[in-house]
$ cat upload33.tsv   # TSV, C-alpha atoms
chain	number	residue	atom	x	y	z
X	1	MET	CA	0.00	0.00	0.00
X	2	ASP	CA	1.22	3.51	-0.71
X	3	VAL	CA	0.44	6.81	0.96
X	4	ASP	CA	-2.57	7.57	-1.23
X	5	ASP	CA	-4.25	4.30	-0.22
X	6	TYR	CA	-4.75	5.79	3.23
X	7	ARG	CA	-6.66	8.84	2.01
X	8	THR	CA	-9.87	6.83	1.63
X	9	HIS	CA	-12.06	5.10	4.17
X	10	SER	CA	-12.04	1.49	5.17
X	11	PRO	CA	-15.35	-0.20	6.04
X	12	TYR	CA	-14.42	0.51	9.67
X	13	SER	CA	-13.66	4.24	9.35
X	14	ASP	CA	-16.46	5.04	6.89
X	15	PRO	CA	-19.00	7.36	8.62
X	16	ARG	CA	-21.62	6.49	5.99
X	17	HIS	CA	-24.74	8.55	6.72
X	18	HIS	CA	-22.77	10.65	9.22
X	19	ALA	CA	-20.32	12.01	6.63
X	20	ALA	CA	-21.51	15.59	7.19
X	21	LEU	CA	-20.45	15.38	10.84
X	22	LEU	CA	-16.86	14.65	9.82
X	23	ASP	CA	-16.98	17.18	6.98
X	24	ALA	CA	-17.59	19.83	9.64
X	25	VAL	CA	-14.52	18.88	11.68
X	26	PRO	CA	-11.43	21.04	10.94
X	27	ALA	CA	-8.74	18.74	9.58
X	28	ASP	CA	-5.92	19.55	11.99
X	29	LEU	CA	-4.68	16.93	14.41
X	30	PRO	CA	-5.15	18.84	17.70
X	31	THR	CA	-8.76	19.69	16.83
X	32	VAL	CA	-9.56	16.19	15.61
X	33	ALA	CA	-8.01	14.64	18.74
X	34	ALA	CA	-9.97	16.96	21.01
X	35	ILE	CA	-13.18	15.97	19.25
X	36	ALA	CA	-12.32	12.28	19.63
X	37	ARG	CA	-11.93	12.81	23.38
X	38	ASN	CA	-15.20	14.75	23.45
X	39	VAL	CA	-17.16	11.97	21.73
X	40	ILE	CA	-15.52	8.90	23.30
X	41	VAL	CA	-14.73	8.02	26.92
X	42	HIS	CA	-12.57	5.04	27.83
X	43	TYR	CA	-14.85	2.20	28.90
X	44	ARG	CA	-12.83	1.32	32.01
X	45	ALA	CA	-10.21	4.06	32.46
X	46	GLY	CA	-12.09	7.22	31.60
X	47	GLY	CA	-12.54	8.49	35.12
X	48	VAL	CA	-16.28	7.80	35.18
X	49	GLU	CA	-18.27	4.79	36.35
X	50	LEU	CA	-20.36	3.31	33.56
X	51	PRO	CA	-22.91	0.48	33.79
X	52	ASP	CA	-22.05	-2.66	31.82
X	53	VAL	CA	-24.73	-1.91	29.23
X	54	ARG	CA	-22.90	1.31	28.42
X	55	ARG	CA	-19.42	-0.18	28.68
X	56	ALA	CA	-20.47	-2.71	26.03
X	57	GLU	CA	-20.43	0.14	23.51
X	58	VAL	CA	-16.72	-0.61	23.24
X	59	ASN	CA	-17.79	-3.38	20.84
X	60	LEU	CA	-19.57	-1.07	18.37
X	61	ARG	CA	-16.65	-1.59	15.97
X	62	TRP	CA	-17.79	0.53	12.99
X	63	MET	CA	-17.46	4.33	12.83
X	64	ASP	CA	-21.03	4.83	11.68
X	65	ARG	CA	-22.35	2.81	14.64
X	66	ILE	CA	-20.19	4.74	17.08
X	67	LEU	CA	-21.63	7.95	15.66
X	68	ASP	CA	-25.13	6.45	15.78
X	69	ALA	CA	-24.68	6.00	19.54
X	70	ASP	CA	-23.32	9.51	19.94
X	71	GLN	CA	-26.05	11.15	17.90
X	72	SER	CA	-28.80	9.23	19.69
X	73	ARG	CA	-27.79	11.15	22.82
X	74	PHE	CA	-26.39	14.33	21.27
X	75	PRO	CA	-27.87	15.21	17.84
X	76	LEU	CA	-25.30	17.98	17.64
X	77	PRO	CA	-22.02	18.79	15.89
X	78	LEU	CA	-19.17	16.70	17.23
X	79	ALA	CA	-17.47	19.77	18.70
X	80	ALA	CA	-20.43	20.51	21.02
X	81	GLU	CA	-19.42	19.50	24.53
X	82	ARG	CA	-20.61	16.13	25.83
X	83	PRO	CA	-20.52	15.29	29.57
X	84	ALA	CA	-17.93	12.58	30.14
X	85	ALA	CA	-20.47	10.11	31.55
X	86	GLU	CA	-22.63	10.42	28.42
X	87	ARG	CA	-19.92	9.96	25.82
X	88	VAL	CA	-19.70	6.76	23.79
X	89	ALA	CA	-17.77	4.11	25.71
X	90	GLY	CA	-14.70	3.06	23.76
X	91	CYS	CA	-10.96	2.63	24.09
X	92	CYS	CA	-7.73	3.77	22.44
X	93	ARG	CA	-8.71	1.96	19.26
X	94	ASP	CA	-11.89	4.05	19.01
X	95	HIS	CA	-10.21	7.38	19.77
X	96	THR	CA	-7.79	6.54	16.99
X	97	LEU	CA	-10.49	5.29	14.61
X	98	LEU	CA	-12.41	8.55	14.94
X	99	THR	CA	-9.21	10.53	14.41
X	100	VAL	CA	-8.29	8.48	11.35
X	101	ALA	CA	-11.85	8.73	10.00
X	102	ALA	CA	-11.91	12.52	10.31
X	103	LEU	CA	-8.55	12.88	8.57
X	104	ARG	CA	-9.48	10.47	5.78
X	105	GLN	CA	-12.76	12.31	5.32
X	106	HIS	CA	-10.65	15.33	4.33
X	107	GLY	CA	-8.34	13.28	2.10
X	108	ILE	CA	-5.44	13.23	4.56
X	109	PRO	CA	-3.63	9.87	4.63
X	110	ALA	CA	-4.08	8.27	8.05
X	111	ARG	CA	-3.90	4.83	9.62
X	112	SER	CA	-3.85	3.23	13.05
X	113	ARG	CA	-0.81	1.65	14.67
X	114	ILE	CA	-0.86	-1.13	17.25
X	115	GLY	CA	1.77	-1.39	19.95
X	116	PHE	CA	2.67	-0.59	23.53
X	117	VAL	CA	3.31	2.64	25.45
X	118	SER	CA	5.46	3.32	28.49
X	119	TYR	CA	3.93	6.65	29.54
X	120	PHE	CA	0.94	5.60	31.64
X	121	VAL	CA	2.55	3.54	34.43
X	122	PRO	CA	6.31	3.51	35.13
X	123	GLY	CA	7.86	0.15	34.40
X	124	TRP	CA	4.79	-1.12	32.52
X	125	HIS	CA	3.93	-1.14	28.82
X	126	HIS	CA	0.20	-0.81	28.12
X	127	ASP	CA	-1.22	-2.13	24.89
X	128	HIS	CA	-2.24	0.90	22.88
X	129	VAL	CA	-3.41	2.19	19.51
X	130	VAL	CA	-2.20	5.51	18.14
X	131	ALA	CA	-2.96	7.40	14.96
X	132	GLU	CA	-0.37	7.82	12.24
X	133	TRP	CA	-0.92	10.50	9.61
X	134	TRP	CA	0.99	11.86	6.65
X	135	ASP	CA	1.97	15.52	7.02
X	136	GLY	CA	3.10	15.80	3.40
X	137	GLU	CA	6.66	14.69	4.10
X	138	ARG	CA	6.58	11.98	6.76
X	139	TRP	CA	4.35	9.73	8.85
X	140	VAL	CA	3.65	11.22	12.28
X	141	TRP	CA	2.68	9.20	15.37
X	142	SER	CA	-0.02	10.96	17.41
X	143	ASP	CA	-1.95	9.79	20.47
X	144	PRO	CA	-5.42	11.39	20.34
X	145	GLU	CA	-6.21	10.22	23.88
X	146	LEU	CA	-3.57	12.54	25.33
X	147	ASP	CA	-4.70	16.00	26.37
X	148	PRO	CA	-1.92	18.43	25.32
X	149	ALA	CA	-2.49	20.27	28.60
X	150	GLY	CA	-1.20	17.21	30.45
X	151	ASP	CA	2.22	17.28	32.05
X	152	ARG	CA	4.26	15.04	29.77
X	153	PRO	CA	7.90	15.50	28.77
X	154	PHE	CA	7.18	14.88	25.09
X	155	ASP	CA	4.82	15.98	22.33
X	156	GLY	CA	1.98	13.47	22.29
X	157	TYR	CA	0.90	14.63	18.84
X	158	ASP	CA	4.34	14.11	17.31
X	159	ILE	CA	5.81	11.14	19.13
X	160	ASP	CA	9.47	10.50	18.38
X	161	PRO	CA	9.60	6.94	16.99
X	162	GLU	CA	13.06	6.42	18.46
X	163	ALA	CA	12.34	7.68	22.00
X	164	GLY	CA	10.60	4.53	23.26
X	165	HIS	CA	7.37	6.24	24.31
X	166	PHE	CA	5.41	4.13	21.82
X	167	GLU	CA	6.79	0.95	20.31
X	168	SER	CA	5.02	-0.90	17.54
X	169	ALA	CA	4.06	-4.49	18.27
X	170	ALA	CA	6.52	-5.62	15.60
X	171	ARG	CA	9.42	-3.86	17.32
X	172	VAL	CA	8.43	-5.31	20.68
X	173	TRP	CA	8.21	-8.83	19.25
X	174	LEU	CA	11.66	-8.61	17.66
X	175	ALA	CA	13.09	-7.25	20.93
X	176	TYR	CA	11.51	-10.16	22.80
X	177	ARG	CA	12.89	-12.70	20.33
X	178	ALA	CA	16.35	-11.14	20.76
X	179	GLY	CA	16.06	-11.49	24.54
X	180	ARG	CA	16.14	-7.73	25.18
X	181	ILE	CA	12.81	-7.34	27.03
X	182	ASP	CA	10.62	-9.09	29.58
X	183	PRO	CA	7.32	-9.73	27.76
X	184	ASP	CA	5.46	-10.02	31.06
X	185	THR	CA	5.76	-6.23	31.42
X	186	TYR	CA	3.70	-5.82	28.22
X	187	GLY	CA	-0.05	-6.16	28.45
X	188	VAL	CA	-3.47	-4.67	29.05
X	189	ASP	CA	-2.89	-3.52	32.64
X	190	PRO	CA	-0.57	-4.42	35.53
X	191	SER	CA	-3.61	-5.69	37.46
X	192	LEU	CA	-4.71	-8.10	34.72
X	193	PRO	CA	-3.24	-11.40	33.48
X	194	ILE	CA	-3.63	-10.41	29.79
X	195	ARG	CA	0.05	-9.97	29.07
X	196	GLY	CA	3.15	-11.70	27.84
X	197	ASP	CA	4.69	-13.26	24.77
X	198	TRP	CA	1.44	-14.61	23.28
X	199	LEU	CA	-0.16	-11.15	23.48
X	200	VAL	CA	2.76	-9.47	21.73
X	201	HIS	CA	2.66	-12.26	19.10
X	202	ASP	CA	-1.03	-11.63	18.42
X	203	TYR	CA	-0.57	-7.86	18.36
X	204	VAL	CA	1.91	-8.20	15.49
X	205	LEU	CA	-0.94	-9.70	13.48
X	206	LEU	CA	-3.26	-6.91	14.65
X	207	GLU	CA	-0.65	-4.36	13.60
X	208	LEU	CA	-0.48	-5.97	10.17
X	209	ALA	CA	-4.28	-5.96	9.82
X	210	HIS	CA	-4.61	-2.30	10.81
X	211	ARG	CA	-1.83	-1.36	8.42
X	212	HIS	CA	-3.98	-2.86	5.66
X	213	LYS	CA	-7.09	-0.96	6.82
X	214	ASP	CA	-8.73	-3.90	8.59
X	215	GLU	CA	-9.15	-1.98	11.85
X	216	VAL	CA	-10.55	-4.85	13.92
X	217	LEU	CA	-11.05	-4.76	17.69
X	218	LEU	CA	-8.15	-5.56	19.98
X	219	TRP	CA	-10.04	-8.61	21.28
X	220	ASP	CA	-10.80	-10.06	17.86
X	221	GLY	CA	-9.08	-13.34	17.06
X	222	PHE	CA	-8.24	-14.62	13.59
X	223	GLY	CA	-5.77	-16.64	11.57
X	224	ALA	CA	-2.49	-17.48	13.30
X	225	MET	CA	-3.45	-15.80	16.58
X	226	THR	CA	-3.14	-17.90	19.71
X	227	GLU	CA	-3.32	-17.60	23.49
X	228	ASP	CA	-0.48	-20.08	23.89
X	229	LEU	CA	2.69	-20.06	21.81
X	230	THR	CA	3.04	-23.82	22.10
X	231	GLY	CA	2.85	-25.07	18.53
X	232	ALA	CA	2.62	-21.54	17.09
X	233	ASP	CA	4.54	-20.74	13.90
X	234	LEU	CA	6.95	-18.28	15.45
X	235	THR	CA	8.94	-17.95	12.24
X	236	LEU	CA	5.85	-16.63	10.47
X	237	VAL	CA	5.47	-13.80	12.97
X	238	ASP	CA	9.24	-13.20	13.00
X	239	GLU	CA	9.06	-12.60	9.27
X	240	VAL	CA	6.00	-10.39	9.46
X	241	ALA	CA	7.49	-8.31	12.27
X	242	ALA	CA	10.72	-7.83	10.35
X	243	LEU	CA	8.78	-6.73	7.28
X	244	LEU	CA	6.67	-4.28	9.31
X	245	VAL	CA	9.77	-2.67	10.79
X	246	ALA	CA	11.44	-2.55	7.38
X	247	ALA	CA	8.31	-1.04	5.81
X	248	ASP	CA	8.51	1.83	8.30
X	249	ARG	CA	11.86	2.67	6.73
X	250	GLY	CA	10.11	3.06	3.39
X	251	ASP	CA	11.76	0.24	1.49
X	252	ALA	CA	10.32	-2.54	-0.70
X	253	ALA	CA	9.06	-4.43	2.36
X	254	GLU	CA	5.72	-2.62	2.02
X	255	ARG	CA	5.00	-4.44	-1.23
X	256	GLU	CA	6.01	-7.79	0.21
X	257	LEU	CA	3.75	-7.19	3.22
X	258	ALA	CA	0.81	-6.48	0.93
X	259	ARG	CA	1.54	-9.59	-1.12
X	260	ARG	CA	1.71	-11.82	1.92
X	261	TYR	CA	-1.35	-10.26	3.53
X	262	ALA	CA	-3.38	-10.92	0.40
X	263	SER	CA	-2.12	-14.45	-0.17
X	264	ASP	CA	-1.84	-15.96	3.33
X	265	ALA	CA	-5.16	-16.40	5.15
X	266	ARG	CA	-3.33	-16.89	8.46
X	267	LEU	CA	-2.40	-13.21	8.45
X	268	ARG	CA	-5.74	-11.49	8.03
X	269	PRO	CA	-9.32	-11.53	9.31
X	270	GLY	CA	-11.72	-13.62	7.28
X	271	PRO	CA	-15.46	-13.05	6.92
X	272	THR	CA	-15.75	-13.71	10.67
X	273	VAL	CA	-13.54	-13.14	13.70
X	274	HIS	CA	-13.66	-14.78	17.12
X	275	CYS	CA	-14.43	-11.94	19.51
X	276	VAL	CA	-14.06	-12.15	23.29
X	277	ASP	CA	-16.13	-9.35	24.82
X	278	PRO	CA	-13.93	-7.58	27.42
X	279	VAL	CA	-17.00	-6.49	29.40
X	280	SER	CA	-19.00	-9.71	29.68
X	281	GLY	CA	-16.20	-12.19	28.95
X	282	THR	CA	-18.41	-14.03	26.47
X	283	ALA	CA	-16.96	-15.27	23.20
X	284	ALA	CA	-18.69	-15.36	19.84
X	285	ASP	CA	-17.94	-15.45	16.13
X	286	VAL	CA	-18.75	-12.07	14.62
X	287	ASP	CA	-19.64	-11.63	10.95
X	288	LEU	CA	-17.63	-8.73	9.46
X	289	ARG	CA	-19.54	-8.59	6.19
X	290	ARG	CA	-21.62	-5.43	5.81
$ encode --input "upload33.tsv" --output "structure tokens"
Amino acid sequence: MDVDDYRTHSPYSDPRHHAALLDAVPADLPTVAAIARNVIVHYRAGGVELPDVRRAEVNLRWMDRILDADQSRFPLPLAAERPAAERVAGCCRDHTLLTVAALRQHGIPARSRIGFVSYFVPGWHHDHVVAEWWDGERWVWSDPELDPAGDRPFDGYDIDPEAGHFESAARVWLAYRAGRIDPDTYGVDPSLPIRGDWLVHDYVLLELAHRHKDEVLLWDGFGAMTEDLTGADLTLVDEVAALLVAADRGDAAERELARRYASDARLRPGPTVHCVDPVSGTAADVDLRR
């Protein structure tokens, strides 16, 4: 995929009948990020207590359905203030999806990146999704969840890819395979058991899917994903991770990634994914065809 491929919507980012809402959003990253925070509240870490029926909105998946939920409560422009407790329950993936959708709506190349961040809890690396957008000369990593008024020693809207604040899943996997990191410090939260080598392994495949505009949920399972690396094809993910890192350098690896993604069903979501609801814990196969 080349830069221009990211100017257009995926089925996930397409606002459909809500296109006018995104047309009205100024296409600069700080404004778009502020609107994402205004529309979406984190389902478990947003500073408000939400009932499970509301927290389940984190599974809405598609941009048009997220905006359906928002507009059912606030039939207003997206910049009009929403009380935190009444915002759509989502997570980092949804803040990023709205950011990417708004930029694509204005023809600005944008995509989501899957990885881990070190700036929420010292010594821990939370799984995270950030936006990446093309400023005309380079891809820029931006975290729309971060309020620029926050006290952070770096620019959250232009994250230095070499500073270690955000590391792509592919980089983390290669570091793990080289014995440079403890994978048990990478996961959903220090208080939860969802962590470790298998999670990093699966997030490489999520990173690959999002790079190809299949912006599935973080708890969707498909292809070569596994919750136990016993019997897993580690060489497959080694190769994919190496290609993802090489593609970030702008070399021919991008074309090889696209070829492999199209030809190897282990690497991409099919018509259905196996989704484990993080709110209820129930598992079900979800049909992605729209």
$ residues_around --input "upload33.tsv" --residues "X:Asp184" --least-positions-apart "4" --cutoff "8 Å" --atoms "all atoms listed in the file" --output "list in words"
Arg195, Gly196 and Asp197 of chain X
$ residues_around --input "upload33.tsv" --residues "stretch 58-73 of chain X" --least-positions-apart "2" --cutoff "9 Å" --atoms "all atoms listed in the file" --output "MDAnalysis selection string"
chainID X and resid 11:19 21 39:40 42:43 54:56 75:78 86:91 94 97:98 101 215:217 277:279
$ residues_around --input "upload33.tsv" --residues "X:Val130" --least-positions-apart "6" --cutoff "6 Å" --atoms "all atoms listed in the file" --output "ChimeraX atom specification"
/X:96,112-113,142-143
$ residues_around --input "upload33.tsv" --residues "X:Leu146" --least-positions-apart "3" --cutoff "9 Å" --atoms "all atoms listed in the file" --output "number ranges by chain"
X: 33-34, 37, 142-143, 149-150, 156-157
$ write_last_selection --input "upload33.tsv" --atoms "C-alpha atoms" --output "PDB file, in the coordinates of the input"
ATOM      1  CA  ALA X  33      -8.010  14.640  18.740  1.00  0.00           C
ATOM      2  CA  ALA X  34      -9.970  16.960  21.010  1.00  0.00           C
ATOM      3  CA  ARG X  37     -11.930  12.810  23.380  1.00  0.00           C
ATOM      4  CA  SER X 142      -0.020  10.960  17.410  1.00  0.00           C
ATOM      5  CA  ASP X 143      -1.950   9.790  20.470  1.00  0.00           C
ATOM      6  CA  ALA X 149      -2.490  20.270  28.600  1.00  0.00           C
ATOM      7  CA  GLY X 150      -1.200  17.210  30.450  1.00  0.00           C
ATOM      8  CA  GLY X 156       1.980  13.470  22.290  1.00  0.00           C
ATOM      9  CA  TYR X 157       0.900  14.630  18.840  1.00  0.00           C
TER      10      TYR X 157
END
$ closest_residue --input "upload33.tsv" --among "X:Asp264, X:His126, X:Tyr119, X:Ile194" --to "X:Arg152" --atoms "all atoms listed in the file"
X:Tyr119
$ residues_around --input "upload33.tsv" --residues "X:Val117" --least-positions-apart "4" --cutoff "12 Å" --atoms "only C-alpha atoms" --output "number ranges by chain"
X: 92, 113, 121-130, 143, 156, 159, 161, 163-169, 172, 185-189
$ write_last_selection --input "upload33.tsv" --atoms "C-alpha atoms" --output "short mmCIF file (atom, residue, chain, number, x, y, z; two decimals), in the coordinates of the input"
data_model
loop_
_atom_site.label_atom_id
_atom_site.label_comp_id
_atom_site.auth_asym_id
_atom_site.auth_seq_id
_atom_site.Cartn_x
_atom_site.Cartn_y
_atom_site.Cartn_z
CA CYS X 92 -7.73 3.77 22.44
CA ARG X 113 -0.81 1.65 14.67
CA VAL X 121 2.55 3.54 34.43
CA PRO X 122 6.31 3.51 35.13
CA GLY X 123 7.86 0.15 34.40
CA TRP X 124 4.79 -1.12 32.52
CA HIS X 125 3.93 -1.14 28.82
CA HIS X 126 0.20 -0.81 28.12
CA ASP X 127 -1.22 -2.13 24.89
CA HIS X 128 -2.24 0.90 22.88
CA VAL X 129 -3.41 2.19 19.51
CA VAL X 130 -2.20 5.51 18.14
CA ASP X 143 -1.95 9.79 20.47
CA GLY X 156 1.98 13.47 22.29
CA ILE X 159 5.81 11.14 19.13
CA PRO X 161 9.60 6.94 16.99
CA ALA X 163 12.34 7.68 22.00
CA GLY X 164 10.60 4.53 23.26
CA HIS X 165 7.37 6.24 24.31
CA PHE X 166 5.41 4.13 21.82
CA GLU X 167 6.79 0.95 20.31
CA SER X 168 5.02 -0.90 17.54
CA ALA X 169 4.06 -4.49 18.27
CA VAL X 172 8.43 -5.31 20.68
CA THR X 185 5.76 -6.23 31.42
CA TYR X 186 3.70 -5.82 28.22
CA GLY X 187 -0.05 -6.16 28.45
CA VAL X 188 -3.47 -4.67 29.05
CA ASP X 189 -2.89 -3.52 32.64
#
$ atom_distance --input "upload33.tsv" --atom1 "atom CA of X:Met1" --atom2 "atom CA of X:Ser118"
29.2 Å
$ axis_aligned_box --input "upload33.tsv" --around "stretch 11-29 of chain X" --padding-each-side "3 Å" --output "AutoDock Vina command-line options"
--center_x -14.7 --center_y 10.4 --center_z 10.2 --size_x 26.1 --size_y 27.2 --size_z 14.4
$ closest_residue --input "upload33.tsv" --among "X:Cys275, X:Arg44, X:Ala283, X:Val3" --to "X:Trp134" --atoms "all atoms listed in the file"
X:Val3
$ atom_distance --input "upload33.tsv" --atom1 "atom CA of X:Arg138" --atom2 "atom CA of X:Ile108"
12.3 Å
$ atom_distance --input "upload33.tsv" --atom1 "atom CA of X:Val25" --atom2 "atom CA of X:Glu132"
18.0 Å
$ closest_residue --input "upload33.tsv" --among "X:Asp228, X:Asp2, X:Asp233, X:Glu145" --to "X:Arg255" --atoms "only C-alpha atoms"
X:Asp2
$ closest_residue --input "upload33.tsv" --among "X:Ala80, X:Val140, X:Val286, X:Leu234" --to "X:Trp173" --atoms "all atoms listed in the file"
X:Leu234
$ closest_residue --input "upload33.tsv" --among "X:Arg180, X:Arg93, X:Arg7, X:His201" --to "X:Gln105" --atoms "only C-alpha atoms"
X:Arg7
$ closest_residue --input "upload33.tsv" --among "X:Val204, X:Leu199, X:Ala79, X:Leu103" --to "X:Ala27" --atoms "all atoms listed in the file"
X:Leu103
$ residues_near_point --input "upload33.tsv" --point "(-16.7, 10.0, 35.7)" --cutoff "9 Å" --atoms "only C-alpha atoms" --output "short mmCIF file (atom, residue, chain, number, x, y, z; two decimals) with C-alpha atoms, in the coordinates of the input"
data_model
loop_
_atom_site.label_atom_id
_atom_site.label_comp_id
_atom_site.auth_asym_id
_atom_site.auth_seq_id
_atom_site.Cartn_x
_atom_site.Cartn_y
_atom_site.Cartn_z
CA GLY X 46 -12.09 7.22 31.60
CA GLY X 47 -12.54 8.49 35.12
CA VAL X 48 -16.28 7.80 35.18
CA GLU X 49 -18.27 4.79 36.35
CA LEU X 50 -20.36 3.31 33.56
CA PRO X 83 -20.52 15.29 29.57
CA ALA X 84 -17.93 12.58 30.14
CA ALA X 85 -20.47 10.11 31.55
#
